[in-house]
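Okay, structure first, notes after.
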Amino acid sequence: MAEDLCSFKDIFLIKAPKKSPLVLRMIVLLFAMVCGVYICSICLKQVSNRTNVAGFLNVPVIQKPCPRPDVEPEEVPYVHYPKPITYSRAECACNPVRYFAILSMQRSGSGWFETLLNNHTNISSNGEIFSVKVRRSNASTIVETLDRLYNLDWFSSASKNECTAAVGLKWMLNQGLMQHHEEIVDYFKTRGVAAIFLFRRNLLRRMISVLANSYDRDAKPLNGTHKSHVHSPHEAEILAKYKPTINATLLIPNLKQVEDTTTKALEYFKSTRHIILYYEDIVKNRTKLLDVQDFLKVPQRDLKSRQVKIHKGTLSNQIENWGDVEKTLTGTQYENFLHADYRRR
């Protein structure tokens with residue numbers, strides 16, 4: 001097109017009447033400017049068209065889905081690939097994650113057990129999230145909290161830099177679990193959450209721990225600080241000095257209430273994928289921890305905890321009114337609690 005304009009210029013100049021050299025130069029300059037403006041407009045249109053095409057083709061790239069996990073068909077519902085909204089999992093995006101919840105009662109060894117799990121490189125257990133009442137105020141807030149946790153958007157000291165292979169929490173039965181059990185069971189089954197039940201066989205020992213912990217909360221013998229768990233033998237020795245007095249009249253009803261609550265929880269959650277553990281069994285035989293790791297499908301590791309046991313030795317040395325307790329339980333279904341002991345093998 002530029003060449004056509006220039007040819008037109010030549011014809012015009014030939015047919016035009018004779019002008020002075022100055023006028024001719026002005027005419028040539030004018031047509032040169034017209035040609036330049038026209039050529040620039042053509043180039044700008046071409047650039048604009050290319051930009052539009054590029055914008056039209058600028059579509060988001062669909063991320064390649066993670067490969068199907070190499071697991072048994074019945075295990076597929078329990079394998080997940082969370083996509084956190086607060087950060088990117090990057091190279092861990094296709095690392096499968098299992099969801100779990102430790103279901104227990106206060107002073108049943110769940111704190112110690114959780115430190116053992118968190119000692120594993122690929123396990124993150126985030127403590128008693130539902131100890132905060134507002135998070136368990138109704139079924140909706142419970143589900144919202146669980147969604148955030150299992151989406152790996154919950155940050156705590158248990159969060160790992162490594163690729164997490166199992167994520168969960170510690171959940172006490174009296175923290176909305178029994179009250180909203182139907183909705184929670186449905187959530188566990190829908191989202192593929194596995195339950196780890198942890199209880200104590202000797203409920204009398206648990207009662208001693210509950211009463212001692214309650215005393216410590218008020219008395220604070222450790223330099224004015226309340227500690228539910230300790231990490232030194234010296235601290236454990238100080239706390240163990242307190243010997244609770246147990247109400248012999250309410251002893252059996254209290255033991256039965258705990259026993260019934262445990263039975264009811266197992267009945268509520270029997271349709272979920274679960275494993276049942278007892279504190280005494282783990283203390284006696286640490287291979288039980290291998291069973292837990294197999295249950296969570298994580299690599300087996302030698303798990304350790306810094307927590308130190310507070311109440312050790314025979315029960316007669318831990319209860320102020322031992323005679324009353326012994327008399328109350330003798331001849332009942334709970335008599336074995338007076339003699340049951342455990343030692344680590």
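If you're wondering about the labels, chains in the structure tokens are A, B, ... by order shown, residues count from 1 in each chain, ligands from 1 in order shown.
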What lies within 12 Å of Glu267 (chain A) using only C-alpha atoms, ignoring chain neighbours under 4 positions off, as a list in words?
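Contacts, in chain order: Met178, His181, Glu182, Val185, Phe197, Asp260, Thr261, Thr262, Thr263, Ser271, Thr272 and His274 of chain A.
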Any chance you could export the current selection's N, CA and C atoms as a PDB file, in the first residue's frame?
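Final file, again.pdb:
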ATOM      1  N   MET A 178     -19.793 -36.220  71.848  1.00  0.00           N
ATOM      2  CA  MET A 178     -20.946 -37.057  72.129  1.00  0.00           C
ATOM      3  C   MET A 178     -22.255 -36.328  71.815  1.00  0.00           C
ATOM      4  N   HIS A 181     -22.688 -36.407  67.943  1.00  0.00           N
ATOM      5  CA  HIS A 181     -22.067 -37.613  67.394  1.00  0.00           C
ATOM      6  C   HIS A 181     -22.626 -38.006  66.029  1.00  0.00           C
ATOM      7  N   GLU A 182     -23.897 -37.789  65.781  1.00  0.00           N
ATOM      8  CA  GLU A 182     -24.472 -38.193  64.490  1.00  0.00           C
ATOM      9  C   GLU A 182     -23.842 -37.406  63.334  1.00  0.00           C
ATOM     10  N   VAL A 185     -20.075 -38.459  63.021  1.00  0.00           N
ATOM     11  CA  VAL A 185     -19.915 -39.772  62.382  1.00  0.00           C
ATOM     12  C   VAL A 185     -20.137 -39.650  60.878  1.00  0.00           C
ATOM     13  N   PHE A 197      -9.227 -44.524  69.072  1.00  0.00           N
ATOM     14  CA  PHE A 197      -9.725 -44.482  70.444  1.00  0.00           C
ATOM     15  C   PHE A 197      -8.583 -44.787  71.402  1.00  0.00           C
ATOM     16  N   ASP A 260     -19.553 -46.356  81.174  1.00  0.00           N
ATOM     17  CA  ASP A 260     -20.706 -46.243  80.281  1.00  0.00           C
ATOM     18  C   ASP A 260     -20.436 -45.250  79.150  1.00  0.00           C
ATOM     19  N   THR A 261     -19.767 -44.158  79.457  1.00  0.00           N
ATOM     20  CA  THR A 261     -19.443 -43.160  78.427  1.00  0.00           C
ATOM     21  C   THR A 261     -18.527 -43.756  77.369  1.00  0.00           C
ATOM     22  N   THR A 262     -17.559 -44.526  77.820  1.00  0.00           N
ATOM     23  CA  THR A 262     -16.647 -45.185  76.895  1.00  0.00           C
ATOM     24  C   THR A 262     -17.395 -46.157  75.981  1.00  0.00           C
ATOM     25  N   THR A 263     -18.260 -46.956  76.583  1.00  0.00           N
ATOM     26  CA  THR A 263     -19.042 -47.929  75.817  1.00  0.00           C
ATOM     27  C   THR A 263     -19.941 -47.230  74.799  1.00  0.00           C
ATOM     28  N   SER A 271     -19.280 -47.625  63.181  1.00  0.00           N
ATOM     29  CA  SER A 271     -19.379 -47.714  61.716  1.00  0.00           C
ATOM     30  C   SER A 271     -18.249 -46.971  61.005  1.00  0.00           C
ATOM     31  N   THR A 272     -17.396 -46.286  61.761  1.00  0.00           N
ATOM     32  CA  THR A 272     -16.266 -45.573  61.161  1.00  0.00           C
ATOM     33  C   THR A 272     -15.040 -46.477  61.138  1.00  0.00           C
ATOM     34  N   HIS A 274     -11.753 -47.399  62.519  1.00  0.00           N
ATOM     35  CA  HIS A 274     -11.184 -47.031  63.809  1.00  0.00           C
ATOM     36  C   HIS A 274     -10.266 -48.119  64.345  1.00  0.00           C
TER      37      HIS A 274
END
Neighbour list for Pro233 (chain A) as a list in words, cut-off 9 Å, only C-alpha atoms, skip fewer than 5 positions in-chain:
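Result of the neighbour search: Ile238, Val308, Lys309 and Ile310 of chain A.
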Go through A:Leu177, A:Lys189, A:Ile196, A:His311 one by one, measure the shortest atom-to-atom distance of each to Glu235 (chain A) using only C-alpha atoms, and give the residue with the smallest value.
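Counting only C-alpha atoms, the residue closest to Glu235 (chain A) is A:His311.
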As a count of residues only, list the residues of region 73-306 of chain A assigned to alpha helix (DSSP H) by DSSP on the backbone atoms of this structure.
93
Tell me, as a compact mmCIF listing (two decimals) with N, CA, C and O atoms, in the first residue's frame, which residues lie within 9 Å of Thr314 (chain A), counting only C-alpha atoms; anything in the same chain fewer than 3 positions away does not count.
# COMPACT_ATOMS: atom_id res chain seq x y z
N ASN A 317 0.03 -46.15 97.77
CA ASN A 317 0.89 -45.02 98.11
C ASN A 317 0.44 -43.72 97.44
O ASN A 317 1.09 -42.68 97.61
N GLN A 318 -0.66 -43.78 96.68
CA GLN A 318 -1.08 -42.60 95.93
C GLN A 318 -2.44 -42.06 96.38
O GLN A 318 -2.87 -41.01 95.90
N LEU A 338 -7.68 -52.40 92.00
CA LEU A 338 -6.84 -52.27 93.19
C LEU A 338 -5.47 -52.91 92.99
O LEU A 338 -4.49 -52.50 93.64
N HIS A 339 -5.40 -53.87 92.11
CA HIS A 339 -4.17 -54.66 91.96
C HIS A 339 -3.50 -54.48 90.62
O HIS A 339 -2.29 -54.79 90.49
N ASP A 341 -1.45 -53.39 87.67
CA ASP A 341 -0.27 -52.54 87.53
C ASP A 341 0.29 -52.75 86.14
O ASP A 341 -0.14 -53.67 85.41
Residues near Ile246 (chain A), cut-off 10 Å, only C-alpha atoms, skip fewer than 5 positions along chain, as an NGL selection string
:A and (204 or 207-208 or 211 or 251 or 319-322 or 324-325)
Here is a test: counting only C-alpha atoms, which residue of A:Pro82, A:Tyr87, A:Asn213, A:Asn138 is nearest to Val167 (chain A)?
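Closest to Val167 (chain A), using only C-alpha atoms: A:Pro82.
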